[in-house]
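Have a look at the structure below, then the notes.
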Amino acid sequence: MMLPGSPHIAYRGRQLFVEDCALDDLAARFGTPLYVYSRAAMLAALAGYQRALEGREALICYALKANSNLAVLQTFARAGCGFDIVSGGELERVIAAGADPAKVVFSGVGKTRAEMRQALAAGVMCFNVESVAELEVLSAVAAAEGATARVSLRVNPDVDARTHPYISTGLKGNKFGIAHDEALAAYRHAASLPGLAVTGIDFHIGSQITAVEPYRDALDRMLDLVESIEAQGIELHHLDLGGGLGICYTDEQPPSAEALVRDLLARIDERGHGQRRIVLEPGRSLVGNAGALVSEVLYLKPSAARNFCIVDAAMNDLVRPAMYEAWMAIVATTLRDSPARNWDVVGPVCESGDWLGRDRQLAVEPGDFVAVLSAGAYAMSMASNYNTRGRAAEVMVSGSEARLIRERERASDLFRGEHLL
Ligand code: LLP
């Protein structure tokens, strides 16, 4: 059976493996729900970007909102990555993973003064500033600290990434970035403010993008702007092309990272900007296909209207189906001979929206395990404790070795910090 996603997650005979580890064995050893990641799949995804950037001055800043486990960050840091962060908490994670804050870009529309101070003290490479108001606050904070904040303005190119509306960020109506027509004035303003050093420009137009065209459009708009900004005597050292490249959940056919980046670099060279440093902020495309969420089938509840397959993972573990109606493949970890039936795969949380997949063909019995595929991105990192459910454990596989990289939360972990009256 062909599975969407990574070749590192595949059947061997009847058993589903992540690299050389059978998921049934991992489920028995670590319990469920369980997130399992393939280290080789992550590094292979990164290698595509690295090949395209070979010989360039470039930095791949992994957007850790996609999966912020320390061992994942360590894996990418060791492979040479920087990081795209959106909070002081993410900065603490990067530092705890042993990575270099000088390779960090700080994105996000709502940075607090405290986060700005924290990032200045850590010496981040750049603040990706998203509004004029933020620019002024950052200037004041940096000046008060006697520091210089390196800034790049996130420009909203007003291109349609043709992705889900909740994860499209480059259109005029989105809260993100500075409007294209206001960017030049914002750069002039930035150059005049104390405590700031303009270093670059960036865009990020959305997520799960499966076509090259929106990137090409955004890039061309950005380069037009770069030319008018530099005509004003403001120098830009780096171009940050954001993240957003999609992955295959079912039958999507996104360009490979290598093809996308080569295409954009060719355009950058063609327009005479080849000397600039390139920054990228991929998240999903580095980790998405590297992960699976393993869950035990608790009960089968067939009925006249719908058949429910109730599993021990729920929307608190994986909210993408409930939140975006995202379709993620669900397969049995051991294939049975019995005929498949149609199931709605749902969790134990008390919400009708608590489903992982609808109308799935599965041959399963209680006690079997299922795996939700392509669950390496925006899965565990979006998990919650709703219904006082501890967050799942996470395991990193490398060959036949499986390491626990996050312990399962216990109820006592969840109410630590709460006080009786
Ligand atoms: N840079 C910035 C400024 C971003 O806002 C994002 C993602 C990224 C980089 C990384 O984008 P990626 O390469 O992962 O597409 N929770 C949603 C996705 C939200 C993406 C938010 N921004 C989901 O589960 O589909």
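Following the order of the structure tokens, first chain is A, next is B, and so on, with residues numbered from 1 inside each chain and ligands from 1 in the order they appear.
With the cut-off set to 7 Å and only C-alpha atoms and all ligand atoms counted, the residues surrounding ligand 1 are A:Ala63, A:Ala66, A:Asp84, A:Ser107, A:Gly108, A:Ile167, A:His204, A:Gly206, A:Ser207, A:Gln208, A:Gly242, A:Gly243, A:Gly244, A:Leu245, A:Gly246, A:Glu281, A:Pro282, A:Gly283, A:Arg284, A:Ser285, A:Arg320, A:Ala377, A:Tyr378.
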Residues near Val395 (chain A), cut-off 9 Å, only C-alpha atoms, skip fewer than 5 positions along chain, as a PyMOL selection string: chain A and resi 26+30+34-38+402-407
Determine which residues of region 257-330 of chain A receive a DSSP assignment of strand (DSSP E), computed from the backbone, and state them as a compact mmCIF listing (two decimals) with N, CA and C atoms, in the first residue's frame.
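The resulting file, selection.txt, is reproduced below:
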# COMPACT_ATOMS: atom_id res chain seq x y z
N ARG A 277 22.03 38.19 0.77
CA ARG A 277 21.87 37.01 1.62
C ARG A 277 20.41 36.56 1.57
N ILE A 278 20.21 35.25 1.49
CA ILE A 278 18.86 34.70 1.42
C ILE A 278 18.50 34.07 2.77
N VAL A 279 17.32 34.41 3.27
CA VAL A 279 16.80 33.78 4.49
C VAL A 279 15.49 33.11 4.14
N LEU A 280 15.30 31.90 4.64
CA LEU A 280 14.04 31.20 4.45
C LEU A 280 13.49 30.80 5.82
N GLY A 291 6.33 12.91 10.72
CA GLY A 291 5.71 12.47 11.97
C GLY A 291 4.43 11.68 11.78
N ALA A 292 4.14 10.82 12.77
CA ALA A 292 2.87 10.11 12.81
C ALA A 292 2.34 10.16 14.24
N LEU A 293 1.03 10.24 14.35
CA LEU A 293 0.40 10.18 15.68
C LEU A 293 -0.22 8.80 15.82
N VAL A 294 0.28 8.03 16.77
CA VAL A 294 -0.20 6.66 16.96
C VAL A 294 -1.23 6.64 18.07
N SER A 295 -2.31 5.95 17.82
CA SER A 295 -3.43 5.96 18.76
C SER A 295 -4.07 4.57 18.83
N GLU A 296 -4.58 4.22 20.00
CA GLU A 296 -5.21 2.90 20.15
C GLU A 296 -6.71 3.00 19.88
N VAL A 297 -7.22 2.00 19.19
CA VAL A 297 -8.67 1.92 18.98
C VAL A 297 -9.29 1.43 20.28
N LEU A 298 -10.17 2.28 20.86
CA LEU A 298 -10.80 1.91 22.14
C LEU A 298 -12.10 1.16 21.92
N TYR A 299 -12.98 1.72 21.11
CA TYR A 299 -14.30 1.13 20.90
C TYR A 299 -14.73 1.31 19.45
N LEU A 300 -15.49 0.33 18.98
CA LEU A 300 -16.16 0.50 17.68
C LEU A 300 -17.65 0.65 17.96
N LYS A 301 -18.23 1.65 17.34
CA LYS A 301 -19.62 1.96 17.63
C LYS A 301 -20.37 2.16 16.32
N PHE A 308 -18.72 4.88 14.24
CA PHE A 308 -17.66 5.60 14.94
C PHE A 308 -16.56 4.65 15.39
N CYS A 309 -15.35 5.03 15.08
CA CYS A 309 -14.17 4.33 15.59
C CYS A 309 -13.57 5.27 16.63
N ILE A 310 -13.71 4.91 17.90
CA ILE A 310 -13.29 5.81 18.98
C ILE A 310 -11.86 5.43 19.39
N VAL A 311 -10.98 6.40 19.25
CA VAL A 311 -9.56 6.15 19.52
C VAL A 311 -9.11 7.00 20.73
N ILE A 330 -5.27 8.36 7.78
CA ILE A 330 -5.31 7.51 8.98
C ILE A 330 -5.23 6.06 8.52
Non-local contacts of Thr148 (chain A) (8 Å; only C-alpha atoms; under 5 positions in same chain excluded) as a list in words: Leu120, Ala142, Ala143, Gly195, Leu196 and Ala197 of chain A
Closest of A:Leu23, A:Leu171, A:Met1, A:Val349 to Val370 (chain A) - atom-to-atom distances counting only C-alpha atoms: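 Checking each of A:Leu23, A:Leu171, A:Met1, A:Val349 against Val370 (chain A), counting only C-alpha atoms, the winner is A:Leu23.
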Test item: residues at most 10 Å from region 383-388 of chain A, only C-alpha atoms, excluding those fewer than 3 positions along its chain, as an MDAnalysis selection string: chainID A and resid 314:320 348:350 378:380 391:392 409:412 414:415
Selection: 7 Å around Thr334 (chain A), only C-alpha atoms, excl. self and same-chain fewer than 4 positions, as a list in words: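 Skipping anything fewer than 4 positions along the chain leaves Arg14, Gln15 and Leu16 of chain A.
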Pick from A:Met116, A:Ala218, A:Val364, A:Val137, whichever lies nearest to Arg267 (chain A) using only C-alpha atoms: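 Closest candidate: A:Ala218.
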Selection: 10 Å around Leu239 (chain A), only C-alpha atoms, excl. self and same-chain fewer than 3 positions, as a VMD selection string: chain A and resid 58 152 199 to 203 219 222 to 223 226 236 242 268 273 276 to 280
